[in-house]
Protein chains: 6
Amino acid sequence: MNVVITDPPRVARRTAEAFAPYGVATVHEAQGRTGLLASYLRPIYPGAKIAGSAVTVSIPPADNWMLHVAVEQCQPGDVLVVAPTSPCDTGYFGELLACSLAARGVLGLVIEAGCRDVAALTGMRFPVWSRAVSAQGTVKETLGSVNVPIVCAGQLVHPGDLVIADDDGIVVVSRAAAEEVLRKSEARERKEEGTRARLQAGELGLDIYGMREKLAEKGLTYRRMAEG
Amino acid sequence: MNVVITDPPRVARRTAEAFAPYGVATVHEAQGRTGLLASYLRPIYPGAKIAGSAVTVSIPPADNWMLHVAVEQCQPGDVLVVAPTSPCDTGYFGELLACSLAARGVLGLVIEAGCRDVAALTGMRFPVWSRAVSAQGTVKETLGSVNVPIVCAGQLVHPGDLVIADDDGIVVVSRAAAEEVLRKSEARERKEEGTRARLQAGELGLDIYGMREKLAEKGLTYRRMAEG
Amino acid sequence: MNVVITDPPRVARRTAEAFAPYGVATVHEAQGRTGLLASYLRPIYPGAKIAGSAVTVSIPPADNWMLHVAVEQCQPGDVLVVAPTSPCDTGYFGELLACSLAARGVLGLVIEAGCRDVAALTGMRFPVWSRAVSAQGTVKETLGSVNVPIVCAGQLVHPGDLVIADDDGIVVVSRAAAEEVLRKSEARERKEEGTRARLQAGELGLDIYGMREKLAEKGLTYRRMAEG
Amino acid sequence: MNVVITDPPRVARRTAEAFAPYGVATVHEAQGRTGLLASYLRPIYPGAKIAGSAVTVSIPPADNWMLHVAVEQCQPGDVLVVAPTSPCDTGYFGELLACSLAARGVLGLVIEAGCRDVAALTGMRFPVWSRAVSAQGTVKETLGSVNVPIVCAGQLVHPGDLVIADDDGIVVVSRAAAEEVLRKSEARERKEEGTRARLQAGELGLDIYGMREKLAEKGLTYRRMAEG
Amino acid sequence: MNVVITDPPRVARRTAEAFAPYGVATVHEAQGRTGLLASYLRPIYPGAKIAGSAVTVSIPPADNWMLHVAVEQCQPGDVLVVAPTSPCDTGYFGELLACSLAARGVLGLVIEAGCRDVAALTGMRFPVWSRAVSAQGTVKETLGSVNVPIVCAGQLVHPGDLVIADDDGIVVVSRAAAEEVLRKSEARERKEEGTRARLQAGELGLDIYGMREKLAEKGLTYRRMAEG
Amino acid sequence: MNVVITDPPRVARRTAEAFAPYGVATVHEAQGRTGLLASYLRPIYPGAKIAGSAVTVSIPPADNWMLHVAVEQCQPGDVLVVAPTSPCDTGYFGELLACSLAARGVLGLVIEAGCRDVAALTGMRFPVWSRAVSAQGTVKETLGSVNVPIVCAGQLVHPGDLVIADDDGIVVVSRAAAEEVLRKSEARERKEEGTRARLQAGELGLDIYGMREKLAEKGLTYRRMAEG
């Protein structure tokens with residue numbers, strides 16, 4: 001039942017890196033509003049942004065043994081994605097594991113549980129998106145699995161999927177769709193650039209998007225406030 | 001049922017701007033501990049402080065169409081205050097809407113729902129107080145209302161009310177009371193300045209506020225700890 | 001029933017200050033994973049770290065009268081630790097009380113309730129770990145007790161216990177055990193330094209900690225991913 | 001600032017009683033999906049249903065003094081609606097107050113805080129919708145107000161408004177609209193009866209409501225599952 | 001993107017019905033502690049127990065249009081399993097939809113959102129496991145999908161999977177594994193029967209499970225309490 | 001570090017049983033509003049009430065091994081009180097352990113974690129107060145301690161303390177104070193009986209408790225509602 005799958009196909013690094021200009025909100029829109037992890041996962045410090053290939057870990061509650069196993073499966077450009085098999089805010093991850101992951105070129109960690117040593121992690125700029133900050137330690141007694149499909153914060157993540165995380169949260173893009181979503185993100189961004197310029201110049205979204213007629217059809221009325 | 005009220009009377013800009021030195025906690029005390037929005041609304045970045053006239057929006061869950069309608073109703077010095085008709089953490093608001101509001105001189109947004117593009121909003125210093133950060137998008141299908149009285153985070157807000165927000169939260173002051181609350185805030189601040197100096201010099205609140213007698217009357221006793 | 005215990009024995013300042021290099025996670029591990037306060041207490045700004053002797057306050061809900069009483073019991077190097085007798089997020093503590101505590105050399109506050117004036121507290125670098133940020137004020141009507149044992153965020157705290165707080169949370173060490181926990185923290189830190197260097201050099205925890213055999217015994221298997 | 005308003009106009013008892021056949025969900029729909037209190041208010045036992053005229057109480061956190069004041073303002077057919085001025089789960093209300101209200105013909109209590117003696121209240125069939133069950137007592141030190149407009153669980157409630165509560169929650173109907181909402185509830189119920197019979201007979205909502213065309217227009221497609 | 005998959009293979013009714021004697025906890029253990037939905041889904045009344053084949057629905061926030069679409073895809077013995085694409089407690093489901101599902105022989109509903117008309121549903125014994133009870137209605141504007149894989153309350157559910165629900169919660173068993181998990185549940189239950197009888201007779205688990213030696217090895221010590 | 005303390009002194013059974021007429025709210029008031037466990041512990045079925053001597057268990061997260069150890073330490077009239085060392089909603093306890101405890105005459109369980117098999121527990125009338133209902137199982141790998149002081153749901157509980165639980169929650173009374181709190185509970189109940197009769201007869205608490213003068217002193221005013 002407990003297995004480590006080695007050498008999963010990964011999203012190409014070049015593809016992952018091409019997502020650098022596009023935020024999580026843009027990518028999430030570009031792929032049709034799917035793949036967003038729950039908003040209770042938050043970054044431990046502001047300003048981080050990563051895009052890489054998922055190494056997934058299914059892990060028992062309050063037991064971080066499998067994180068040590070997972071490190072060996074990581075390559076440069078990977079993102080570790082961890083979900084406990086039952087809800088848990090324990091501090092599974094801290095500075096030592098971060099040193100080990102950083103040494104292998106891992107970009108960051110997404111964990112539906114707790115994280116600790118956040119001052120040190122901030123200092124070394126190793127970004128973590130977690131459910132809690134907690135100094136509570138874990139045991140090393142029970143197995144889990146690495147590189148199996150997991151559900152993390154409400155989303156199914158396969159090993160090798162593209163994971164993008166920034167201050168807005170985390171979105172997962174299937175490996176197969178990554179190139180297409182990249183193109184759609186680019187297109188969306190280009191379109192937004194034009195819109196942004198017009199909005200900054202004072203044009204209204206009501207006019208740019210041509211909403212007035214549809215609003216009227218739905219029955220929206222305008223009325224000047226009576227003096228009161 | 002769905003209506004946009006135009007040209008509500010506003011609190012005078014000069015009045016709103018005169019609140020600059022007074023924090024939310026001070027104003028809340030000065031008006032008798034009323035008008036505070038629930039503490040689950042938090043700023044997306046530290047250090048922002050605004051005071052302006054409310055443009056209110058009642059909005060369906062997961063549908064941000066009415067925000068586009070509301071932009072047109074905003075003037076320089078306004079604060080947009082948004083509440084969904086049922087609880088929702090969706091990311092209603094992001095960079096493009098912020099560009100549009102900023103172009104109209106709006107000071108910031110208070111929303112009992114989610115916000116996205118927080119890195120961009122932080123970069124452009126457009127402050128938002130929200131219930132969640134979420135990249136989850138919304139649809140544009142259902143009407144709401146603009147400039148009607150709303151309940152936002154547990155407080156009734158009328159269009160044109162004064163809204164003050166800082167790192168401590170958000171307080172609403174009725175338009176009619178704004179001048180009086182300003183005077184009381186000034187008075188409170190002056191009084192606190194004197195107290196602050198005495199406390200910094202090492203005097204005790206027990207003495208400054210004359211609490212010792214009342215504490216004794218209520219039965220407070222002092223006892224030296226036994227060695228243990 | 002309501003009492004102020006004066007002059008409790010304290011952990012020696014020299015001992016408390018010797019904890020400066022050791023984070024909460026390290027100390028918590030060093031004393032056998034006990035004494036950690038619940039993770040819902042969070043610092044009001046990042047980067048603070050304190051270690052001092054607890055002055056404890058048991059306080060009624062939404063009533064901060066006893067904080068004024070507690071100030072008088074504080075000495076340089078103390079940490080104020082406050083728990084309400086029923087759950088409450090009200091803003092018990094703000095800038096004026098912080099001025100008073102700072103004037104007495106108090107290092108910071110741990111409170112299982114709300115805090116306000118966080119911009120001012122951040123500006124004066126007076127650190128607070130609280131359950132909420134709330135501008136909501138309190139009354140001064142009902143007594144509590146100072147320097148009695150309290151339960152704060154799930155942990156029993158005695159007056160004079162050592163309290164250590166940083167970005168990861170708060171841990172309490174009994175006064176009697178402080179010296180021993182200091183030695184164990186030093187030992188743990190020394191050991192971790194060696195491990196950190198090896199991890200940074202690319203060695204795996206699997207090898208450093210000799211985990212491979214035990215994992216195999218438990219039945220962990222490795223399998224190359226099939227193409228899919 | 002603290003005031004008891006006496007003899008507010010009430011919704012007519014005959015009108016309130018005419019709502020007996022209509023549940024909260026029906027009334028909420030009938031008045032255009034407004035007026036619903038937040039779903040975290042839950043009944044202390046299943047099966048209760050009331051409809052009556054609101055007597056409102058604004059009350060300090062953890063202080064139930066004003067409930068005693070409010071009792072005197074109650075008449076047969078009233079519903080007491082209570083909101084604390086800051087969030088609080090304390091047990092404001094128990095058997096003795098229920099005896100007093102029952103003696104005056106009050107139908108039940110809606111409180112955005114805690115309730116206790118729930119076994120006794122269940123035994124005497126005095127229904128309460130509350131945020132928590134808690135044995136924690138309150139003090140009697142600080143004033144509030146009776147029969148002023150309050151925000152309770154996210155809804156504005158005026159004294160004399162119609163309040164309807166059942167297992168689904170609580171809805172408030174303004175006094176002025178009560179007769180009209182009654183008629184609309186009757187109409188909605190009649191219409192639902194016909195629909196119910198057709199659904200029970202096996203007809204599909206897709207056909208009864210004529211949804212198929214609009215679904216197709218929006219682009220919904222059907223596809224037989226491939227064997228897998 | 002939005003699709004209704006028709007005629008998915010189902011777990012055999014005979015197999016599903018054979019699970020009647022086995023509770024969710026037993027099945028969850030029997031399949032190796034996997035497949036449990038999050039515990040925040042709760043039954044609307046105590047005592048219900050169902051086991052059937054999943055018809056899955058992915059649905060927009062606060063929009064229940066697709067439930068009407070899903071009804072047509074249901075057969076006797078099915079269980080409807082519904083997850084919104086972003087978190088939402090709105091009351092998607094009530095008496096009319098329950099009448100429609102009951103007319104088609106559907107056993108019950110599992111929904112990661114709100115439910116209403118709970119008194120009527122209880123009266124007709126149509127069981128629902130939901131995240132909230134809320135009278136808040138939904139719109140019918142936006143498409144979703146039926147019989148696609150969904151994540152509901154943290155678990156991946158495929159159409160045709162076996163879903164078992166009782167007072168302890170909900171577990172999903174893949175269609176392929178249903179027969180095997182049935183045999184393991186039977187075996188587990190048989191074994192527990194013997195253990196239960198011995199425990200009821202006063203034997204200790206310590207002896208029945210042979211735990212004493214392993215506890216001693218791990219270092220557990222016994223000590224008589226000193227008088228205090 | 002992990003120890004089982006045997007034969008702690010217990011509160012006398014006769015004393016515990018004498019608390020039968022007094023609810024948790026009454027006892028909590030009688031001992032000065034102390035000792036109440038947090039209200040998030042809820043009974044798994046309504047109507048249970050127990051009073052007995054605490055056997056305490058400190059237990060690792062998601063590991064129920066020590067419950068088996070604790071059973072052996074229980075006597076008739078005991079109540080098992082369990083707290084995990086870090087927050088956890090896992091289902092530690094079910095039917096088999098309940099059979100074992102019931103065979104030893106244990107009255108019930110209080111656990112700051114999850115419970116399962118609630119239908120069976122309800123059927124055998126073995127009451128449990130828990131933080132969650134969850135079918136999620138636990139491992140048996142890590143030691144804890146039995147009959148050491150623990151913090152459970154925010155309260156310090158010593159082995160041998162009196163624990164009283166009913167529909168309102170749970171209160172702990174120190175063994176030394178049990179007799180005195182019993183007398184005070186009796187006195188309070190007698191006094192309430194008189195008050196109850198007067199309230200049922202229609203007298204007002206305002207008059208019975210003599211509150212009118214103090215309310216007026218504090219500044220409460222009455223005003224007839226203006227027509228509006």
# chains A, B, ... in the order shown; residues from 1 in each chain; ligands from 1
>>> closest_atom_pairs(of="chain D", to="chain C", cutoff="12 Å", atoms="only C-alpha atoms", output="tab-separated table")
residue	atom	partner	partner_atom	distance
D:Pro60	CA	C:Ala62	CA	8.8
D:Pro61	CA	C:Ala62	CA	6.4
D:Ala62	CA	C:Pro61	CA	6.4
D:Asp63	CA	C:Pro61	CA	9.3
D:Pro84	CA	C:Ala62	CA	11.4
D:Thr85	CA	C:Gln136	CA	9.1
D:Ser86	CA	C:Gln136	CA	7.2
D:Pro87	CA	C:Asp89	CA	7.4
D:Cys88	CA	C:Cys88	CA	6.3
D:Asp89	CA	C:Pro87	CA	7.3
D:Thr90	CA	C:Ser86	CA	7.3
D:Gly91	CA	C:Ser86	CA	10.2
D:Ala113	CA	C:Pro87	CA	11.6
D:Gly114	CA	C:Pro87	CA	11.4
D:Ala132	CA	C:Pro87	CA	11.8
D:Ser134	CA	C:Ser86	CA	10.0
D:Ala135	CA	C:Ser86	CA	10.4
D:Gln136	CA	C:Ser86	CA	7.2
D:Gly137	CA	C:Ser86	CA	9.2
D:Thr138	CA	C:Pro61	CA	9.0
D:Val139	CA	C:Thr142	CA	8.3
D:Lys140	CA	C:Glu141	CA	9.6
D:Glu141	CA	C:Glu141	CA	6.7
D:Thr142	CA	C:Glu141	CA	8.3
D:Leu143	CA	C:Val139	CA	11.2
>>> select_by_dssp(residues="segment 62-96 of chain E", states="strand (DSSP E or B)", output="list in words")
Asp63, Asp78, Val79, Leu80, Val81, Val82, Ala83, Pro84, Gly91, Tyr92 and Phe93 of chain E
>>> atom_distance(atom1="atom CA of Leu101 of chain B", atom2="atom CA of Leu121 of chain B")
11.7 Å
>>> residues_around(residues="Gly205 of chain D", least_positions_apart="4", cutoff="8 Å", atoms="only C-alpha atoms", output="list in words")
Leu199, Tyr209, Gly210 and Met211 of chain D; His68 and Ser100 of chain E
>>> residues_around(residues="Thr15 of chain B", least_positions_apart="6", cutoff="12 Å", atoms="only C-alpha atoms", output="VMD selection string")
chain B and resid 51 to 53 77 161 to 164 173 175 to 183
>>> select_by_dssp(residues="segment 96-205 of chain F", states="helix (DSSP H, G or I)", output="count of residues only")
41
>>> residues_around(residues="Ala25 of chain B", least_positions_apart="3", cutoff="10 Å", atoms="only C-alpha atoms", output="list in words")
Tyr22, His28, Glu29, Ala30, Arg33, Leu36, Ala165, Asp166, Asp167, Asp168, Gly169, Ile170, Val171 and Ser185 of chain B; Gly91, Gly94, Arg116, Asp117, Ser134, Ala135, Gln136 and Gly137 of chain C
>>> write_last_selection(atoms="C-alpha atoms", output="PDB file, in the first residue's frame")
ATOM      1  CA  TYR B  22      -6.753  59.286  14.662  1.00  0.00           C
ATOM      2  CA  HIS B  28     -14.277  53.717  18.026  1.00  0.00           C
ATOM      3  CA  GLU B  29     -13.786  54.783  21.627  1.00  0.00           C
ATOM      4  CA  ALA B  30     -14.633  58.403  20.836  1.00  0.00           C
ATOM      5  CA  ARG B  33     -17.621  51.897  21.234  1.00  0.00           C
ATOM      6  CA  LEU B  36     -16.660  48.521  14.604  1.00  0.00           C
ATOM      7  CA  ALA B 165      -9.704  51.714   8.282  1.00  0.00           C
ATOM      8  CA  ASP B 166      -6.198  50.945   9.492  1.00  0.00           C
ATOM      9  CA  ASP B 167      -4.168  47.990  10.798  1.00  0.00           C
ATOM     10  CA  ASP B 168      -6.614  47.550  13.706  1.00  0.00           C
ATOM     11  CA  GLY B 169      -9.697  47.139  11.515  1.00  0.00           C
ATOM     12  CA  ILE B 170     -12.543  49.293  10.260  1.00  0.00           C
ATOM     13  CA  VAL B 171     -14.992  51.633  11.971  1.00  0.00           C
ATOM     14  CA  SER B 185     -11.394  61.936  18.788  1.00  0.00           C
TER      15      SER B 185
ATOM     16  CA  GLY C  91      -8.864  44.331  22.144  1.00  0.00           C
ATOM     17  CA  GLY C  94      -2.993  48.870  23.165  1.00  0.00           C
ATOM     18  CA  ARG C 116      -5.138  46.878  19.205  1.00  0.00           C
ATOM     19  CA  ASP C 117      -2.971  49.828  18.133  1.00  0.00           C
ATOM     20  CA  SER C 134      -9.409  44.046  17.297  1.00  0.00           C
ATOM     21  CA  ALA C 135     -10.074  47.711  18.045  1.00  0.00           C
ATOM     22  CA  GLN C 136     -12.965  46.666  20.306  1.00  0.00           C
ATOM     23  CA  GLY C 137     -12.506  48.176  23.762  1.00  0.00           C
TER      24      GLY C 137
END
>>> residues_around(residues="Tyr222 of chain F", least_positions_apart="3", cutoff="8 Å", atoms="only C-alpha atoms", output="list of chain:residue names")
D:Val3, D:Val4, D:Ile5, D:Thr6
>>> write_last_selection(atoms="N, CA, C and O atoms", output="compact mmCIF listing (two decimals), in the first residue's frame")
# COMPACT_ATOMS: atom_id res chain seq x y z
N VAL D 3 -30.70 53.11 26.25
CA VAL D 3 -32.09 53.49 26.33
C VAL D 3 -32.97 52.25 26.16
O VAL D 3 -32.59 51.29 25.49
N VAL D 4 -34.13 52.31 26.81
CA VAL D 4 -35.15 51.29 26.60
C VAL D 4 -36.32 51.98 25.91
O VAL D 4 -36.92 52.90 26.47
N ILE D 5 -36.62 51.55 24.69
CA ILE D 5 -37.76 52.10 23.98
C ILE D 5 -38.98 51.25 24.31
O ILE D 5 -38.96 50.02 24.12
N THR D 6 -40.01 51.88 24.79
CA THR D 6 -41.19 51.12 25.19
C THR D 6 -42.26 51.20 24.10
O THR D 6 -42.28 52.12 23.28
>>> residues_around(residues="Ala38 of chain D", least_positions_apart="3", cutoff="8 Å", atoms="only C-alpha atoms", output="compact mmCIF listing (two decimals) with N, CA, C and O atoms, in the first residue's frame")
# COMPACT_ATOMS: atom_id res chain seq x y z
N LEU D 41 -26.32 30.46 13.60
CA LEU D 41 -27.33 30.37 14.66
C LEU D 41 -28.12 29.08 14.46
O LEU D 41 -28.71 28.87 13.41
N ALA D 153 -26.51 38.48 13.73
CA ALA D 153 -26.08 37.45 12.77
C ALA D 153 -26.16 37.98 11.34
O ALA D 153 -26.62 37.30 10.42
N GLY D 154 -25.72 39.21 11.16
CA GLY D 154 -25.59 39.78 9.82
C GLY D 154 -26.83 40.44 9.26
O GLY D 154 -26.81 40.92 8.13
N GLN D 155 -27.92 40.49 10.02
CA GLN D 155 -29.14 41.14 9.53
C GLN D 155 -29.58 42.27 10.44
O GLN D 155 -29.52 42.12 11.67
N GLY D 169 -33.29 27.85 10.20
CA GLY D 169 -32.66 29.10 10.58
C GLY D 169 -33.69 30.15 10.92
O GLY D 169 -34.79 29.84 11.39
>>> decode(residues="segment 166-198 of chain E", atoms="N, CA and C atoms", output="PDB file, in the first residue's frame")
ATOM      1  N   ASP E 166     -23.115   7.158   7.278  1.00  0.00           N
ATOM      2  CA  ASP E 166     -23.913   6.923   8.489  1.00  0.00           C
ATOM      3  C   ASP E 166     -23.616   8.041   9.485  1.00  0.00           C
ATOM      4  N   ASP E 167     -23.950   7.826  10.752  1.00  0.00           N
ATOM      5  CA  ASP E 167     -23.760   8.898  11.738  1.00  0.00           C
ATOM      6  C   ASP E 167     -22.304   9.289  11.929  1.00  0.00           C
ATOM      7  N   ASP E 168     -21.367   8.420  11.542  1.00  0.00           N
ATOM      8  CA  ASP E 168     -19.948   8.725  11.708  1.00  0.00           C
ATOM      9  C   ASP E 168     -19.380   9.534  10.549  1.00  0.00           C
ATOM     10  N   GLY E 169     -20.065   9.592   9.429  1.00  0.00           N
ATOM     11  CA  GLY E 169     -19.556  10.328   8.287  1.00  0.00           C
ATOM     12  C   GLY E 169     -19.761   9.568   6.995  1.00  0.00           C
ATOM     13  N   ILE E 170     -18.840   9.768   6.053  1.00  0.00           N
ATOM     14  CA  ILE E 170     -19.010   9.216   4.707  1.00  0.00           C
ATOM     15  C   ILE E 170     -17.679   8.641   4.237  1.00  0.00           C
ATOM     16  N   VAL E 171     -17.733   7.448   3.633  1.00  0.00           N
ATOM     17  CA  VAL E 171     -16.530   6.857   3.046  1.00  0.00           C
ATOM     18  C   VAL E 171     -16.830   6.474   1.608  1.00  0.00           C
ATOM     19  N   VAL E 172     -15.828   6.657   0.747  1.00  0.00           N
ATOM     20  CA  VAL E 172     -15.983   6.266  -0.651  1.00  0.00           C
ATOM     21  C   VAL E 172     -15.075   5.072  -0.939  1.00  0.00           C
ATOM     22  N   VAL E 173     -15.636   4.103  -1.660  1.00  0.00           N
ATOM     23  CA  VAL E 173     -14.899   2.891  -2.041  1.00  0.00           C
ATOM     24  C   VAL E 173     -14.931   2.827  -3.563  1.00  0.00           C
ATOM     25  N   SER E 174     -13.773   2.639  -4.179  1.00  0.00           N
ATOM     26  CA  SER E 174     -13.766   2.609  -5.647  1.00  0.00           C
ATOM     27  C   SER E 174     -14.578   1.408  -6.121  1.00  0.00           C
ATOM     28  N   ARG E 175     -15.229   1.574  -7.271  1.00  0.00           N
ATOM     29  CA  ARG E 175     -16.088   0.524  -7.800  1.00  0.00           C
ATOM     30  C   ARG E 175     -15.305  -0.786  -7.933  1.00  0.00           C
ATOM     31  N   ALA E 176     -14.081  -0.690  -8.414  1.00  0.00           N
ATOM     32  CA  ALA E 176     -13.278  -1.891  -8.644  1.00  0.00           C
ATOM     33  C   ALA E 176     -12.997  -2.636  -7.342  1.00  0.00           C
ATOM     34  N   ALA E 177     -12.870  -1.891  -6.238  1.00  0.00           N
ATOM     35  CA  ALA E 177     -12.471  -2.520  -4.980  1.00  0.00           C
ATOM     36  C   ALA E 177     -13.657  -2.945  -4.124  1.00  0.00           C
ATOM     37  N   ALA E 178     -14.876  -2.666  -4.575  1.00  0.00           N
ATOM     38  CA  ALA E 178     -16.027  -2.826  -3.675  1.00  0.00           C
ATOM     39  C   ALA E 178     -16.172  -4.260  -3.155  1.00  0.00           C
ATOM     40  N   GLU E 179     -16.030  -5.234  -4.032  1.00  0.00           N
ATOM     41  CA  GLU E 179     -16.196  -6.623  -3.592  1.00  0.00           C
ATOM     42  C   GLU E 179     -15.143  -7.008  -2.556  1.00  0.00           C
ATOM     43  N   GLU E 180     -13.924  -6.591  -2.816  1.00  0.00           N
ATOM     44  CA  GLU E 180     -12.837  -6.938  -1.900  1.00  0.00           C
ATOM     45  C   GLU E 180     -13.022  -6.245  -0.545  1.00  0.00           C
ATOM     46  N   VAL E 181     -13.428  -4.988  -0.589  1.00  0.00           N
ATOM     47  CA  VAL E 181     -13.626  -4.261   0.672  1.00  0.00           C
ATOM     48  C   VAL E 181     -14.807  -4.855   1.435  1.00  0.00           C
ATOM     49  N   LEU E 182     -15.792  -5.363   0.703  1.00  0.00           N
ATOM     50  CA  LEU E 182     -16.918  -6.028   1.365  1.00  0.00           C
ATOM     51  C   LEU E 182     -16.425  -7.243   2.141  1.00  0.00           C
ATOM     52  N   ARG E 183     -15.600  -8.063   1.501  1.00  0.00           N
ATOM     53  CA  ARG E 183     -15.066  -9.249   2.190  1.00  0.00           C
ATOM     54  C   ARG E 183     -14.226  -8.855   3.398  1.00  0.00           C
ATOM     55  N   LYS E 184     -13.419  -7.810   3.235  1.00  0.00           N
ATOM     56  CA  LYS E 184     -12.579  -7.380   4.357  1.00  0.00           C
ATOM     57  C   LYS E 184     -13.421  -6.793   5.485  1.00  0.00           C
ATOM     58  N   SER E 185     -14.514  -6.121   5.128  1.00  0.00           N
ATOM     59  CA  SER E 185     -15.399  -5.569   6.167  1.00  0.00           C
ATOM     60  C   SER E 185     -16.049  -6.704   6.949  1.00  0.00           C
ATOM     61  N   GLU E 186     -16.500  -7.730   6.199  1.00  0.00           N
ATOM     62  CA  GLU E 186     -17.081  -8.898   6.862  1.00  0.00           C
ATOM     63  C   GLU E 186     -16.077  -9.531   7.818  1.00  0.00           C
ATOM     64  N   ALA E 187     -14.858  -9.707   7.349  1.00  0.00           N
ATOM     65  CA  ALA E 187     -13.826 -10.344   8.167  1.00  0.00           C
ATOM     66  C   ALA E 187     -13.538  -9.514   9.418  1.00  0.00           C
ATOM     67  N   ARG E 188     -13.451  -8.196   9.207  1.00  0.00           N
ATOM     68  CA  ARG E 188     -13.163  -7.315  10.335  1.00  0.00           C
ATOM     69  C   ARG E 188     -14.280  -7.372  11.365  1.00  0.00           C
ATOM     70  N   GLU E 189     -15.521  -7.377  10.861  1.00  0.00           N
ATOM     71  CA  GLU E 189     -16.669  -7.400  11.756  1.00  0.00           C
ATOM     72  C   GLU E 189     -16.696  -8.701  12.562  1.00  0.00           C
ATOM     73  N   ARG E 190     -16.414  -9.816  11.885  1.00  0.00           N
ATOM     74  CA  ARG E 190     -16.399 -11.104  12.579  1.00  0.00           C
ATOM     75  C   ARG E 190     -15.365 -11.101  13.696  1.00  0.00           C
ATOM     76  N   LYS E 191     -14.204 -10.570  13.365  1.00  0.00           N
ATOM     77  CA  LYS E 191     -13.136 -10.532  14.358  1.00  0.00           C
ATOM     78  C   LYS E 191     -13.520  -9.622  15.531  1.00  0.00           C
ATOM     79  N   GLU E 192     -14.139  -8.492  15.213  1.00  0.00           N
ATOM     80  CA  GLU E 192     -14.528  -7.557  16.278  1.00  0.00           C
ATOM     81  C   GLU E 192     -15.590  -8.163  17.183  1.00  0.00           C
ATOM     82  N   GLU E 193     -16.456  -9.025  16.605  1.00  0.00           N
ATOM     83  CA  GLU E 193     -17.482  -9.645  17.435  1.00  0.00           C
ATOM     84  C   GLU E 193     -16.878 -10.454  18.576  1.00  0.00           C
ATOM     85  N   GLY E 194     -15.854 -11.237  18.238  1.00  0.00           N
ATOM     86  CA  GLY E 194     -15.184 -12.010  19.267  1.00  0.00           C
ATOM     87  C   GLY E 194     -14.546 -11.098  20.314  1.00  0.00           C
ATOM     88  N   THR E 195     -13.870 -10.056  19.822  1.00  0.00           N
ATOM     89  CA  THR E 195     -13.213  -9.128  20.744  1.00  0.00           C
ATOM     90  C   THR E 195     -14.243  -8.437  21.634  1.00  0.00           C
ATOM     91  N   ARG E 196     -15.351  -8.051  21.037  1.00  0.00           N
ATOM     92  CA  ARG E 196     -16.383  -7.334  21.782  1.00  0.00           C
ATOM     93  C   ARG E 196     -16.881  -8.185  22.962  1.00  0.00           C
ATOM     94  N   ALA E 197     -17.124  -9.444  22.681  1.00  0.00           N
ATOM     95  CA  ALA E 197     -17.628 -10.327  23.738  1.00  0.00           C
ATOM     96  C   ALA E 197     -16.616 -10.435  24.878  1.00  0.00           C
ATOM     97  N   ARG E 198     -15.345 -10.561  24.539  1.00  0.00           N
ATOM     98  CA  ARG E 198     -14.326 -10.676  25.580  1.00  0.00           C
ATOM     99  C   ARG E 198     -14.210  -9.383  26.392  1.00  0.00           C
TER     100      ARG E 198
END
